[in-house]
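Beneath this line is the structure, given in structure tokens, with notes to follow.
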Amino acid sequence: MHIGVFVCHCGSNISGTVDCPQTAKAAGEFPDVVYSTDEMYTCSEPGQESIIRAIKEHNLDGVVVASCSPRMHEATFRRTVERAGLNPYMFEMANIREHVSWVGRDKALNTRKAIDLIGMAVAKLRNGTPLFSERFNVTRKLMVIGGGVAGIQAALDAADSGIEVVLVERETTIGGKMAKLDKTFPTIDCSSCVLGPKMVEVAQHPKITLYAASEVDNVSGYVGNFTVQVRKRAVYVDWDACTGCGLCTEKCPSRKTPDPFNELIATTTAINIPFPQAIPKKATINPDYCLQLTKGKCGVCAKVCPVGCIDFEQQDKIEEVQVGAIVVATGYDLFDYSVYKQYGAGKLPDVITSLQYERLLNASGPTGGHVLRPSDGAEPKHVVFIQCVGSRDKSKGRAYCSSFCCMYTAKQAILTKSHLPDSQSYVFYMDIRSPGKGYDEFTRRTQELYGAQYIRGRVSSIHQHGSSLVVRGADTLAGMQVEIKADLVVLAVGIEPSRNSQKLAATLHISADTDGFFMEGHPKLKPVETNTAGVFLAGCCQGPRDIPTSVSMGSAAAAKAMVLFSNEQLESDPQVATVNATRCVGCYKCVKTCPFGAILESEDRWKNPKAEVLPTICKGCGICSVTCPHGAIQLNHFTDNQLLAEVNAICPLPTI
Amino acid sequence: MNNTVIAYYPGCSGKGSSAEYDLSTRTVLRHLGVDALEVENWSCCGSSPAHAVDHVLSAALSGRNLARVRSMGHDLVTTPCPSCLSNLKNAAHAVRDDDVRAKVNSLLDEECPTDVEAISTLQFFLEQVGLDTIQEAVVNPMPTLRVVCYYGCLTTRPPKLMCFDDPENPMSMDNILECCGIEVIPFPLKVDCCGAAFGMPRNDISSRLSGNILNMASELEADAVVVACPLCQMNLDLRQNQVNKACGTHHQMPIFYFTQLMGLSMGLSKKNLGLSKLAVNPEPCLARAGVR
Ligand SMILES: Cc1cc2nc3c(=O)[nH]c(=O)nc-3n(C[C@H](O)[C@H](O)[C@H](O)COP(=O)(O)OP(=O)(O)OC[C@H]3O[C@@H](n4cnc5c(N)ncnc54)[C@H](O)[C@@H]3O)c2cc1C
Ligand code: SF4
Ligand code: SF4
């Protein structure tokens with residue numbers, strides 16, 4: 001073999017603590033290495049050209065670049081050697097930046113380690129073989145899971161570019177949290193005036209199919225060709241026939257049904273349409289509160305429905321959908337603040353969550369937009385807001401900042417003043433985090449123009465005192481304790497990933513961070529990708545973010561899907577497991593161990609049991625190859641021979 | 001719960017200022033079939049002064065008592081006093097460290113054990129006797145007696161040491177007394193400070209803080225306050241006149257130990273519950289509640 005080694009300085013990133021010329025010289029001594037050199041920036045245009053030149057001049061059939069992490073530039077250099085006519089898999093990278101220069105200070109030791117790593121890469125390359133991708137067709141259809149503002153944006157952008165979109169929403173209407181909000185910061189424009197038209201567009205778009213009251217049960221397949229099982233929950237109404245006239249909801253006698261759209265501060269009827277602008281505008285029966293379904297007598301809705309669409313026998317339905325890519329936009333839920341016993345543990349009626357307060361402020365909310373407190377329906381005069389409830393509190397397992405509560409609290413203080421001019425708002429905060437465009441000006445306006453009194457400190461307890469609430473806390477700027485008699489307390493409750501996110505992550509084979517938010521491909525360079533090809537993220541499912549950023553992510557995720565769909569065909573990754581049929585004894589241990597179900601129990605021509613890998617499903621994790629007792633199943637590009645050669649290269653057998 | 005024997009550490013106040021707590025605790029335990037065996041030859045737990053001076057000394061004082069419990073063949077000791085409990089628990093925790101244990105043992109004749117656990121009698125009632133057994137023993141429910149439960153600062157805190165009930169909204173006493181057929185009103189100040197040991201050096205502070213508790217209790221129209229701590233009881237009961245004077249109030253609020261009300265609901269005699277030892281006369285309130 002003729003191997004060329006290129007040692008990169010990475011400016012001073014590597015050469016600062018590694019002697020690159022000496023490393024290159026030493027690399028020249030490894031077996032089969034016929035050419036070695038060092039370069040200032042190997043990834044630059046001249047750097048890549050010098051690789052191509054060297055391949056031609058020295059007739060190289062394998063290349064090692066010692067530079068940064070393969071996550072950074074492996075793809076770049078594979079393309080470079082391919083341009084020079086080599087198989088892209090006859091290339092190895094030795095990471096002497098993240099693994100050497102950035103983590104060690106001693107130049108002599110670093111240089112030795114860099115040389116060792118190159119030795120390993122050369123040994124692996126000498127045992128490598130060219131690999132070839134296969135091409136396969138792409139299903140040009142996108143699934144968006146979650147119909148909040150992020151998912152809506154992704155669906156509309158993709159559909160506008162001509163892509164078929166399937167939008168799956170768990171609730172009976174799309175809109176997510178934004179549909180519940182009154183006005184939005186920092187412009188105080190009406191939330192439903194901004195979101196409403198977009199929701200209507202979803203309903204009317206010829207390229208969008210909406211599955212509301214539906215969830216994803218199972219996903220199989222791979223980028224370009226996913227098969228998704230969608231469970232359409234029984235809603236006990238034939239939605240194809242329902243016109244959304246609402247007659248049923250007027251007549252339903254079960255009026256004490258909890259109303260999740262109003263965050264449980266109001267009740268609704270067992271058959272209901274969550275709000276007048278709901279999309280789809282269809283009635284749904286809550287089976288836990290329907291008298292017909294619980295007690296077997298009533299059926300009033302069926303009698304009054306002019307189109308006869310009530311169906312008490314309806315069952316869940318599973319539909320299978322083929323798509324090429326998936327955008328996950330499942331958003332968030334509020335943290336359950338009842339663990340804060342000192343804030344009344346959810347038992348004080350006039351201590352409410354921020355989202356409940358949005359419903360009280362909202363003209364289409366249960367109080368028609370009049371701020372009336374839950375206990376006695378009185379107008380509050382003194383309103384206390386408490387920030388960071390379930391955020392930035394390690395004792396509750398929530399170390400992270402929920403990012404938008406400072407801003408919406410300021411907004412709610414402004415709205416309180418406009419609804420109740422005689423009122424006084426107090427905001428307990430830890431820090432004010434308002435880094436967006438126009439945001440800091442906004443929180444200042446809240447204080448300076450709207451007279452909200454900001455108190456820096458935590459609240460230690462809230463208790464009922466007659467008809468008011470006594471809020472006790474610290475004012476850490478004044479260095480004293482404060483006690484405020486409040487009529488209403490609004491908790492800026494932190495957020496957490498939407499319920500059942502963990503299960504969805506497992507279904508989609510994507511990972512979640514320690515707080516449960518879905519993990520992006522790279523924190524800076526791949527914010528909307530995941531580590532599973534063809535699955536993208538948008539909005540709060542990836543971490544707390546406000547509406548502008550959620551919308552940007554929705555568009556970005558749609559753009560990523562469009563890039564994917566701009567290819568008629570995709571190339572498969574050849575770094576997958578393969579079975580050596582002569583060694584396989586058909587024990588199927590690998591079948592059981594593969595987390596992706598990529599291995600089949602198959603047989604050969606003579607009906608002997610043999611394992612068979614489905615290369616499109618295999619993710620190249622390598623679990624099967626360590627399981628196989630016969631070494632029959634090998635991961636391409638990471639074969640036992642290659643890995644052992646690397647080990648031998650740094651731990652040479654002692655010569656006796 | 002027949003014939004259970006537990007090691008029992010009364011603490012110094014149990015022999016003096018809170019003799020009625022000690023008495024009523026033993027009476028009720030016995031009634032429920034629990035033999036409270038006083039720790040043989042027990043000594044001071046260190047109280048507040050010891051740990052203010054020297055942590056090793058404090059651990060040794062309580063450690064000695066843990067050693068006494070071990071020598072009786074027990075690995076669990078209960079005490080009615082939250083302050084003793086705090087010291088016993090602290091010592092048990094501190095001697096898990098090898099260095100501290102060596103220092104503590106160098107001060108003691110008997111080695112301090114590492115496997116003796118201390119819990120409050122309140123916790124014992126709740127977790128080992130159980131609400132069902134308590135409820136079965138009730139013969140004299142007092143549905144017209146409205147009380148608030150006041151836990152003070154130590155019963156559940158520091159939470160990682162006490163490992164009992166909720167530190168911000170404890171419910172153990174509330175639940176026990178409800179089982180006894182007594183009306184328990186939710187009390188917002190249940191873990192506030194009563195002034196603790198400030199009763200002596202800064203009477204003004206202690207009076208104000210205890211005053212808050214009494215004011216809140218009477219605003220909620222409680223007939224009595226129920227406590228589980230000798231110091232809380234003293235601040236609220238014995239000093240009630242001082243508080244009244246300092247705050248310009250006229251409270252006549254009986255301050256019971258929870259064990260006294262348990263005993264009354266089980267029909268035990270007032271004498272064996274030490275009711276006459278309370279400073280604020282509980283009789284009018286008990287008469288209203290129909291207790292003879
Ligand atoms: C009180 C309050 C006030 C706020 N005010 C403002 C403001 O003024 N300005 C601003 O910019 N931001 C504001 N925000 C933040 C704003 O709500 C979020 O930025 C925005 O809603 C995020 O949108 P999303 O689509 O990512 O998530 P969501 O709105 O949570 O939408 C997620 C959607 O996915 C659905 N879903 C979840 N799981 C599944 C599943 N497994 N399958 C199918 N569907 C699923 C949900 O039902 C929901 O419809 C506020 C937040 C709160 C709590
Ligand atoms: S955004 Fe503000 S209120 Fe919300 S968690 Fe962060 S710091 Fe706390
Ligand atoms: S584990 Fe190995 S031997 Fe067993 S079926 Fe799989 S490939 Fe064949």
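Letters A, B, ... mark the chains of the structure tokens in the order given; residue numbers begin at 1 per chain; ligand numbers begin at 1, in order shown.
Near chain B, within 12 Å and using only C-alpha atoms, the residues of chain A are Ser338, Val339, Tyr340, Lys341, Gln342, Tyr343, Gly344, Ala345, Lys347, Leu348, Ser395, Ser460, Ser461, Ile462, His463, Gln464, His465, Gly466, Leu469, Val470, Val471 and Arg472 of chain A.
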- Could you give me, as a VMD selection string, every polymer residue with an atom at most 9 Å away from an atom of ligand 2, counting only C-alpha atoms and all ligand atoms? chain A and resid 386 to 393 400 to 409 429 to 434 492 to 495 544
Those residues with C-alpha atoms, as a PDB file, in the first residue's frame please?
ATOM      1  CA  ILE A 386     -43.094  35.159  41.239  1.00  0.00           C
ATOM      2  CA  GLN A 387     -40.471  34.234  38.665  1.00  0.00           C
ATOM      3  CA  CYS A 388     -38.312  31.120  38.406  1.00  0.00           C
ATOM      4  CA  VAL A 389     -40.829  28.744  39.987  1.00  0.00           C
ATOM      5  CA  GLY A 390     -39.332  25.414  38.946  1.00  0.00           C
ATOM      6  CA  SER A 391     -36.521  27.082  37.041  1.00  0.00           C
ATOM      7  CA  ARG A 392     -32.956  27.606  38.194  1.00  0.00           C
ATOM      8  CA  ASP A 393     -33.703  25.619  41.328  1.00  0.00           C
ATOM      9  CA  TYR A 400     -31.969  25.350  33.809  1.00  0.00           C
ATOM     10  CA  CYS A 401     -33.530  28.699  32.944  1.00  0.00           C
ATOM     11  CA  SER A 402     -36.885  28.489  31.182  1.00  0.00           C
ATOM     12  CA  SER A 403     -35.773  31.491  29.163  1.00  0.00           C
ATOM     13  CA  PHE A 404     -39.043  33.255  28.396  1.00  0.00           C
ATOM     14  CA  CYS A 405     -40.713  33.677  31.811  1.00  0.00           C
ATOM     15  CA  CYS A 406     -38.934  36.964  32.618  1.00  0.00           C
ATOM     16  CA  MET A 407     -40.363  38.358  29.428  1.00  0.00           C
ATOM     17  CA  TYR A 408     -43.908  37.070  29.737  1.00  0.00           C
ATOM     18  CA  THR A 409     -44.049  38.165  33.377  1.00  0.00           C
ATOM     19  CA  TYR A 429     -37.217  37.952  40.392  1.00  0.00           C
ATOM     20  CA  MET A 430     -33.744  36.424  40.669  1.00  0.00           C
ATOM     21  CA  ASP A 431     -32.270  38.159  37.604  1.00  0.00           C
ATOM     22  CA  ILE A 432     -34.024  39.717  34.660  1.00  0.00           C
ATOM     23  CA  ARG A 433     -33.084  37.844  31.527  1.00  0.00           C
ATOM     24  CA  SER A 434     -34.154  39.811  28.489  1.00  0.00           C
ATOM     25  CA  ALA A 492     -44.027  32.088  36.373  1.00  0.00           C
ATOM     26  CA  VAL A 493     -43.815  28.329  36.287  1.00  0.00           C
ATOM     27  CA  GLY A 494     -40.837  26.841  34.485  1.00  0.00           C
ATOM     28  CA  ILE A 495     -41.219  24.469  31.581  1.00  0.00           C
ATOM     29  CA  PRO A 544     -36.974  26.584  26.179  1.00  0.00           C
TER      30      PRO A 544
END
Per residue of chain A within 7 Å of ligand 1, record the nearest atom pair and its distance in Å to one decimal, counting only C-alpha atoms and all ligand atoms, with rows in chain order and ascending residue number, as a tab-separated table.
residue	atom	partner	partner_atom_place_in_ligand_line	distance
A:Ile145	CA	ligand 1	43 (C)	5.0
A:Gly146	CA	ligand 1	34 (O)	3.3
A:Gly147	CA	ligand 1	49 (O)	4.5
A:Gly148	CA	ligand 1	31 (O)	3.3
A:Val149	CA	ligand 1	25 (O)	4.1
A:Ala150	CA	ligand 1	25 (O)	3.9
A:Gly151	CA	ligand 1	25 (O)	5.6
A:Val168	CA	ligand 1	43 (C)	5.4
A:Glu169	CA	ligand 1	44 (N)	3.9
A:Arg170	CA	ligand 1	44 (N)	3.9
A:Glu171	CA	ligand 1	47 (O)	5.0
A:Ile174	CA	ligand 1	49 (O)	5.3
A:Gly175	CA	ligand 1	49 (O)	5.5
A:Gly176	CA	ligand 1	49 (O)	3.3
A:Lys177	CA	ligand 1	29 (O)	3.7
A:Met178	CA	ligand 1	21 (O)	4.7
A:Leu181	CA	ligand 1	3 (C)	6.1
A:Lys183	CA	ligand 1	8 (O)	6.0
A:Thr184	CA	ligand 1	8 (O)	3.1
A:Phe185	CA	ligand 1	8 (O)	4.0
A:Pro186	CA	ligand 1	8 (O)	6.9
A:Ser214	CA	ligand 1	43 (C)	6.5
A:Glu215	CA	ligand 1	42 (N)	4.7
A:Val216	CA	ligand 1	42 (N)	6.2
A:Ala329	CA	ligand 1	26 (O)	5.7
A:Thr330	CA	ligand 1	34 (O)	3.6
A:Gly331	CA	ligand 1	27 (O)	3.2
A:Tyr332	CA	ligand 1	30 (O)	4.4
A:Asp333	CA	ligand 1	30 (O)	6.5
A:Leu334	CA	ligand 1	53 (C)	7.0
A:Ser354	CA	ligand 1	1 (C)	4.2
A:Leu355	CA	ligand 1	1 (C)	3.9
A:Glu358	CA	ligand 1	1 (C)	6.0
A:Phe404	CA	ligand 1	15 (C)	6.1
A:Cys405	CA	ligand 1	52 (C)	6.7
A:Tyr408	CA	ligand 1	5 (N)	4.7
A:Lys411	CA	ligand 1	8 (O)	6.7
A:Ser498	CA	ligand 1	38 (N)	5.4
A:Arg499	CA	ligand 1	38 (N)	6.7
A:Asn500	CA	ligand 1	41 (N)	6.5
A:Ser501	CA	ligand 1	41 (N)	6.4
A:Leu504	CA	ligand 1	41 (N)	6.3
A:Ala538	CA	ligand 1	26 (O)	6.4
A:Gly539	CA	ligand 1	26 (O)	3.4
A:Cys540	CA	ligand 1	26 (O)	3.9
A:Cys541	CA	ligand 1	26 (O)	6.0
A:Arg545	CA	ligand 1	19 (O)	5.0
A:Asp546	CA	ligand 1	19 (O)	3.3
A:Ile547	CA	ligand 1	11 (O)	3.5
A:Pro548	CA	ligand 1	11 (O)	5.6
A:Ser550	CA	ligand 1	26 (O)	5.5
Write out as a PDB file with all heavy atoms, in the first residue's frame the residues lying within 8 Å of segment 114-118 of chain A, counting only C-alpha atoms and excluding same-chain residues fewer than 4 positions away.
ATOM      1  N   VAL A  18       2.129  20.845  19.838  1.00  0.00           N
ATOM      2  CA  VAL A  18       2.596  19.608  19.196  1.00  0.00           C
ATOM      3  C   VAL A  18       3.650  20.010  18.167  1.00  0.00           C
ATOM      4  O   VAL A  18       3.456  20.974  17.423  1.00  0.00           O
ATOM      5  CB  VAL A  18       1.436  18.871  18.474  1.00  0.00           C
ATOM      6  CG1 VAL A  18       1.962  17.687  17.673  1.00  0.00           C
ATOM      7  CG2 VAL A  18       0.388  18.401  19.476  1.00  0.00           C
ATOM      8  N   THR A  23       6.448  15.407  14.037  1.00  0.00           N
ATOM      9  CA  THR A  23       5.401  14.384  13.962  1.00  0.00           C
ATOM     10  C   THR A  23       5.311  13.835  12.545  1.00  0.00           C
ATOM     11  O   THR A  23       5.248  12.624  12.322  1.00  0.00           O
ATOM     12  CB  THR A  23       4.045  14.979  14.383  1.00  0.00           C
ATOM     13  OG1 THR A  23       4.197  15.571  15.670  1.00  0.00           O
ATOM     14  CG2 THR A  23       2.961  13.928  14.441  1.00  0.00           C
ATOM     15  N   ALA A  26       8.266  11.596  11.835  1.00  0.00           N
ATOM     16  CA  ALA A  26       8.136  10.287  12.476  1.00  0.00           C
ATOM     17  C   ALA A  26       7.102   9.435  11.759  1.00  0.00           C
ATOM     18  O   ALA A  26       7.264   8.215  11.625  1.00  0.00           O
ATOM     19  CB  ALA A  26       7.768  10.457  13.941  1.00  0.00           C
ATOM     20  N   ALA A  27       6.014  10.077  11.294  1.00  0.00           N
ATOM     21  CA  ALA A  27       4.960   9.324  10.617  1.00  0.00           C
ATOM     22  C   ALA A  27       5.489   8.665   9.357  1.00  0.00           C
ATOM     23  O   ALA A  27       5.006   7.602   8.934  1.00  0.00           O
ATOM     24  CB  ALA A  27       3.787  10.244  10.294  1.00  0.00           C
ATOM     25  N   VAL A  64      -4.020   9.500   5.427  1.00  0.00           N
ATOM     26  CA  VAL A  64      -4.318   9.793   6.829  1.00  0.00           C
ATOM     27  C   VAL A  64      -4.147  11.293   7.040  1.00  0.00           C
ATOM     28  O   VAL A  64      -3.119  11.859   6.648  1.00  0.00           O
ATOM     29  CB  VAL A  64      -3.375   9.033   7.785  1.00  0.00           C
ATOM     30  CG1 VAL A  64      -3.552   9.526   9.218  1.00  0.00           C
ATOM     31  CG2 VAL A  64      -3.619   7.531   7.700  1.00  0.00           C
ATOM     32  N   ALA A  66      -3.990  13.983  10.108  1.00  0.00           N
ATOM     33  CA  ALA A  66      -3.950  14.138  11.559  1.00  0.00           C
ATOM     34  C   ALA A  66      -4.317  15.582  11.846  1.00  0.00           C
ATOM     35  O   ALA A  66      -3.544  16.495  11.578  1.00  0.00           O
ATOM     36  CB  ALA A  66      -2.563  13.812  12.094  1.00  0.00           C
ATOM     37  N   ALA A  94      -6.739  11.096  12.290  1.00  0.00           N
ATOM     38  CA  ALA A  94      -6.229  10.994  13.661  1.00  0.00           C
ATOM     39  C   ALA A  94      -6.523  12.326  14.329  1.00  0.00           C
ATOM     40  O   ALA A  94      -6.144  13.384  13.819  1.00  0.00           O
ATOM     41  CB  ALA A  94      -4.734  10.713  13.655  1.00  0.00           C
ATOM     42  N   ASN A  95      -7.225  12.277  15.446  1.00  0.00           N
ATOM     43  CA  ASN A  95      -7.633  13.524  16.098  1.00  0.00           C
ATOM     44  C   ASN A  95      -6.539  13.990  17.061  1.00  0.00           C
ATOM     45  O   ASN A  95      -6.465  13.546  18.194  1.00  0.00           O
ATOM     46  CB  ASN A  95      -8.956  13.298  16.842  1.00  0.00           C
ATOM     47  CG  ASN A  95      -9.471  14.576  17.484  1.00  0.00           C
ATOM     48  OD1 ASN A  95      -8.787  15.611  17.455  1.00  0.00           O
ATOM     49  ND2 ASN A  95     -10.658  14.509  18.058  1.00  0.00           N
ATOM     50  N   ILE A  96      -5.683  14.888  16.553  1.00  0.00           N
ATOM     51  CA  ILE A  96      -4.595  15.353  17.427  1.00  0.00           C
ATOM     52  C   ILE A  96      -4.881  16.761  17.961  1.00  0.00           C
ATOM     53  O   ILE A  96      -4.010  17.403  18.532  1.00  0.00           O
ATOM     54  CB  ILE A  96      -3.216  15.314  16.712  1.00  0.00           C
ATOM     55  CG1 ILE A  96      -3.218  16.242  15.496  1.00  0.00           C
ATOM     56  CG2 ILE A  96      -2.850  13.896  16.318  1.00  0.00           C
ATOM     57  CD1 ILE A  96      -1.832  16.489  14.940  1.00  0.00           C
ATOM     58  N   VAL A 100      -5.398  15.761  21.731  1.00  0.00           N
ATOM     59  CA  VAL A 100      -3.998  15.985  22.099  1.00  0.00           C
ATOM     60  C   VAL A 100      -3.723  17.454  22.458  1.00  0.00           C
ATOM     61  O   VAL A 100      -3.581  17.803  23.625  1.00  0.00           O
ATOM     62  CB  VAL A 100      -3.035  15.519  20.985  1.00  0.00           C
ATOM     63  CG1 VAL A 100      -1.584  15.709  21.424  1.00  0.00           C
ATOM     64  CG2 VAL A 100      -3.283  14.064  20.621  1.00  0.00           C
ATOM     65  N   ASN A 110       2.953  15.466  24.115  1.00  0.00           N
ATOM     66  CA  ASN A 110       1.911  15.635  23.094  1.00  0.00           C
ATOM     67  C   ASN A 110       2.387  15.109  21.751  1.00  0.00           C
ATOM     68  O   ASN A 110       1.642  14.438  21.028  1.00  0.00           O
ATOM     69  CB  ASN A 110       1.551  17.121  22.948  1.00  0.00           C
ATOM     70  CG  ASN A 110       0.532  17.559  23.997  1.00  0.00           C
ATOM     71  OD1 ASN A 110       0.100  16.763  24.818  1.00  0.00           O
ATOM     72  ND2 ASN A 110       0.179  18.829  23.968  1.00  0.00           N
ATOM     73  N   VAL A 122      -2.785   4.660  10.683  1.00  0.00           N
ATOM     74  CA  VAL A 122      -2.132   3.984   9.559  1.00  0.00           C
ATOM     75  C   VAL A 122      -2.425   2.482   9.619  1.00  0.00           C
ATOM     76  O   VAL A 122      -2.792   1.855   8.623  1.00  0.00           O
ATOM     77  CB  VAL A 122      -0.600   4.258   9.585  1.00  0.00           C
ATOM     78  CG1 VAL A 122       0.125   3.338   8.593  1.00  0.00           C
ATOM     79  CG2 VAL A 122      -0.314   5.720   9.283  1.00  0.00           C
ATOM     80  N   ALA A 649      -0.912  -1.410  17.282  1.00  0.00           N
ATOM     81  CA  ALA A 649      -0.022  -0.310  16.916  1.00  0.00           C
ATOM     82  C   ALA A 649       0.428   0.470  18.146  1.00  0.00           C
ATOM     83  O   ALA A 649       1.560   0.952  18.199  1.00  0.00           O
ATOM     84  CB  ALA A 649      -0.711   0.623  15.919  1.00  0.00           C
ATOM     85  N   ILE A 650      -0.431   0.620  19.139  1.00  0.00           N
ATOM     86  CA  ILE A 650       0.066   1.331  20.318  1.00  0.00           C
ATOM     87  C   ILE A 650       0.598   0.387  21.380  1.00  0.00           C
ATOM     88  O   ILE A 650       1.358   0.792  22.234  1.00  0.00           O
ATOM     89  CB  ILE A 650      -0.985   2.238  21.030  1.00  0.00           C
ATOM     90  CG1 ILE A 650      -2.380   1.684  20.909  1.00  0.00           C
ATOM     91  CG2 ILE A 650      -0.871   3.665  20.600  1.00  0.00           C
ATOM     92  CD1 ILE A 650      -3.334   2.383  21.862  1.00  0.00           C
TER      93      ILE A 650
END
- Task: Check every protein, DNA and RNA residue against ligand 3, keep those with an atom at most 12 Å away (counting only C-alpha atoms and all ligand atoms), and present them as number ranges by chain.
- Result: A: 577-594, 598-604, 608-613, 622-635
- Could you tell me, as JSON, numbers by chain, which residues of segment 62-136 of chain B DSSP assigns to strand (DSSP E) when given the backbone? {"B": [76, 77, 78, 79, 117, 118, 119, 120]}
- Message: Quick one: residues within 9 Å of Ile273 of chain A, only C-alpha atoms, excluding same-chain residues fewer than 5 positions away - as a list in words?
- Response: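 Listed by chain and then number, they are Thr172, Thr173, Gly244, Gly246, Thr249, Ala278, Lys281, Lys282, Ala283 and Thr284 of chain A.
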Using only all heavy atoms, please write the residues we just selected to a file, as an mmCIF file, in the first residue's frame.
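Result file part19.cif:
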data_model
loop_
_atom_site.group_PDB
_atom_site.id
_atom_site.type_symbol
_atom_site.label_atom_id
_atom_site.label_comp_id
_atom_site.auth_asym_id
_atom_site.auth_seq_id
_atom_site.Cartn_x
_atom_site.Cartn_y
_atom_site.Cartn_z
ATOM 1 N N THR A 172 -57.013 18.075 20.300
ATOM 2 C CA THR A 172 -58.046 18.089 19.274
ATOM 3 C C THR A 172 -57.955 19.333 18.402
ATOM 4 O O THR A 172 -58.695 19.466 17.443
ATOM 5 C CB THR A 172 -59.450 18.010 19.902
ATOM 6 O OG1 THR A 172 -59.569 19.064 20.857
ATOM 7 C CG2 THR A 172 -59.644 16.693 20.610
ATOM 8 N N THR A 173 -57.041 20.253 18.753
ATOM 9 C CA THR A 173 -56.815 21.402 17.876
ATOM 10 C C THR A 173 -55.326 21.677 17.803
ATOM 11 O O THR A 173 -54.585 21.337 18.723
ATOM 12 C CB THR A 173 -57.540 22.665 18.398
ATOM 13 O OG1 THR A 173 -57.163 23.788 17.581
ATOM 14 C CG2 THR A 173 -57.136 22.976 19.834
ATOM 15 N N GLY A 244 -68.977 21.408 12.831
ATOM 16 C CA GLY A 244 -68.517 22.347 13.866
ATOM 17 C C GLY A 244 -69.566 23.370 14.238
ATOM 18 O O GLY A 244 -69.242 24.444 14.744
ATOM 19 N N GLY A 246 -71.694 23.281 16.652
ATOM 20 C CA GLY A 246 -71.692 23.507 18.092
ATOM 21 C C GLY A 246 -73.018 23.310 18.778
ATOM 22 O O GLY A 246 -73.145 23.556 19.981
ATOM 23 N N THR A 249 -72.762 21.026 21.779
ATOM 24 C CA THR A 249 -72.121 21.552 22.991
ATOM 25 C C THR A 249 -73.106 22.408 23.783
ATOM 26 O O THR A 249 -73.010 22.507 25.000
ATOM 27 C CB THR A 249 -70.875 22.385 22.640
ATOM 28 O OG1 THR A 249 -71.296 23.554 21.940
ATOM 29 C CG2 THR A 249 -69.903 21.624 21.775
ATOM 30 N N ALA A 278 -60.695 26.962 16.808
ATOM 31 C CA ALA A 278 -60.000 25.668 16.769
ATOM 32 C C ALA A 278 -59.857 25.169 15.336
ATOM 33 O O ALA A 278 -60.728 25.354 14.500
ATOM 34 C CB ALA A 278 -60.765 24.645 17.599
ATOM 35 N N LYS A 281 -62.086 22.558 13.372
ATOM 36 C CA LYS A 281 -63.214 22.953 14.209
ATOM 37 C C LYS A 281 -64.223 21.813 14.209
ATOM 38 O O LYS A 281 -65.160 21.772 13.408
ATOM 39 C CB LYS A 281 -63.839 24.234 13.690
ATOM 40 C CG LYS A 281 -64.765 24.846 14.739
ATOM 41 C CD LYS A 281 -65.284 26.201 14.367
ATOM 42 C CE LYS A 281 -66.200 26.684 15.480
ATOM 43 N NZ LYS A 281 -67.027 27.794 15.077
ATOM 44 N N LYS A 282 -63.939 20.855 15.100
ATOM 45 C CA LYS A 282 -64.761 19.645 15.169
ATOM 46 C C LYS A 282 -65.028 19.348 16.631
ATOM 47 O O LYS A 282 -64.196 19.637 17.500
ATOM 48 C CB LYS A 282 -64.017 18.445 14.572
ATOM 49 C CG LYS A 282 -63.484 18.655 13.164
ATOM 50 C CD LYS A 282 -64.570 18.532 12.123
ATOM 51 C CE LYS A 282 -64.001 18.826 10.738
ATOM 52 N NZ LYS A 282 -65.045 18.978 9.721
ATOM 53 N N ALA A 283 -66.174 18.764 16.897
ATOM 54 C CA ALA A 283 -66.516 18.420 18.280
ATOM 55 C C ALA A 283 -65.857 17.105 18.679
ATOM 56 O O ALA A 283 -65.618 16.235 17.841
ATOM 57 C CB ALA A 283 -68.023 18.306 18.424
ATOM 58 N N THR A 284 -65.539 17.002 19.972
ATOM 59 C CA THR A 284 -64.927 15.797 20.529
ATOM 60 C C THR A 284 -65.623 15.463 21.830
ATOM 61 O O THR A 284 -65.937 16.365 22.605
ATOM 62 C CB THR A 284 -63.439 16.068 20.854
ATOM 63 O OG1 THR A 284 -62.810 16.531 19.693
ATOM 64 C CG2 THR A 284 -62.749 14.810 21.353
#
- Query: Taking into account only C-alpha atoms, which residue in the set A:Val323, A:Ile152, A:Ala363, A:Val34 is nearest to Lys180 of chain A?
  - Reply: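 Counting only C-alpha atoms, the residue closest to Lys180 of chain A is A:Ala363.
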- Message: Under the rule that only C-alpha atoms are counted, which of A:Gly16, A:Glu29, A:Gly436, A:Pro523 is the nearest residue to Gly119 of chain A?
- Response: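 That would be A:Glu29, the residue with the smallest distance to Gly119 of chain A.
Taking atom CA of Met120 of chain A and atom CA of Arg79 of chain A as endpoints, the distance between them is 22.1 Å.
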- Message: I'd like the interatomic distance between atom CA of Phe565 of chain A and atom CA of Ile510 of chain A, to a tenth of an Å.
- Response: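 The value is 20.7 Å.
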